[in-house]
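Quick notes on the structure that follows.
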Amino acid sequence: MTKEELIEQVAAKTNLAKKDADAAINTAIDTITKTLQEGGKVVLTGFGIFSVNQRAARVGVNPQKPGVKIQIPAMKVPKFKAGKTLKEAVR
């Protein structure tokens, strides 16, 4: 499902105009993104948890020049852990 298809589904199920559904989806995404940028986490009970993990610095291999080692810096990465309700619905 694409973002556009999600917007159409939300608009249809909530009787919102498509532009209002688009604004709601974009606001939710922006809010989750901002919270993660600030180091917080977003808990949507039953659905899942969005959080930020710190990935340690490590040595990797340059994919364009196998055999050449490169240093990959430490970085923050987004993480999503599915909640119990979502896991059960997918099974």
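Ordering of the structure tokens sets the chain letters (A, B, ...); residue numbers start at 1 within each chain; ligands are numbered from 1 in the order shown.
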For range 1-12 of chain A, find every residue with an atom within 9 Å (counting only C-alpha atoms), except residues of its own chain fewer than 2 positions away, and show them as a list in words.
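Selected residues are Thr14, Asn15, Leu16, Ala17, Lys18, Lys19, Asp20, Ala21, Asp22, Ala24 and Ile25 of chain A.
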With C-alpha atoms kept, could you save the residues just selected as a PDB file, in the first residue's frame?
```
ATOM      1  CA  THR A  14     -13.880   8.478   8.006  1.00  0.00           C
ATOM      2  CA  ASN A  15     -15.964  10.470   5.506  1.00  0.00           C
ATOM      3  CA  LEU A  16     -13.210  13.082   5.388  1.00  0.00           C
ATOM      4  CA  ALA A  17     -12.267  14.998   2.277  1.00  0.00           C
ATOM      5  CA  LYS A  18      -9.147  13.573   0.681  1.00  0.00           C
ATOM      6  CA  LYS A  19      -7.176  16.748   1.488  1.00  0.00           C
ATOM      7  CA  ASP A  20      -8.195  16.490   5.164  1.00  0.00           C
ATOM      8  CA  ALA A  21      -7.148  12.833   5.319  1.00  0.00           C
ATOM      9  CA  ASP A  22      -3.854  13.808   3.653  1.00  0.00           C
ATOM     10  CA  ALA A  24      -4.079  14.063   9.103  1.00  0.00           C
ATOM     11  CA  ILE A  25      -1.661  11.414   7.781  1.00  0.00           C
TER      12      ILE A  25
END
```
Based on DSSP run over this structure's backbone, return all residues of chain A in alpha helix (DSSP H), as a PyMOL selection string.
chain A and resi 3-14+18-37+84-90
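Each of A:Ile49, A:Ala56, A:Ile32, A:Ala23 was compared to Leu86 in chain A using only C-alpha atoms, and A:Ile49 turns out to be the nearest.
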For range 67-82 of chain A, find every residue with an atom within 9 Å (counting only C-alpha atoms), except residues of its own chain fewer than 2 positions away, and show them as a list in words.
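Skipping anything fewer than 2 positions along the chain leaves Leu36, Gly46, Phe47, Gly48, Ile49, Phe50, Ser51, Val52, Asn53, Gln54, Arg55, Ala56, Ala57, Arg58, Val59, Gly60, Val61, Asn62, Pro63, Gln64, Lys65, Lys84, Thr85, Leu86 and Lys87 of chain A.
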Distance of CA of Thr33 in chain A from CA of Arg91 in chain A, expressed in Å to one decimal place:
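Here the two named atoms are 28.2 Å from each other.
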Provide the CA of Ala89 in chain A to CA of Leu44 in chain A distance in Å, to one decimal place.
15.2 Å
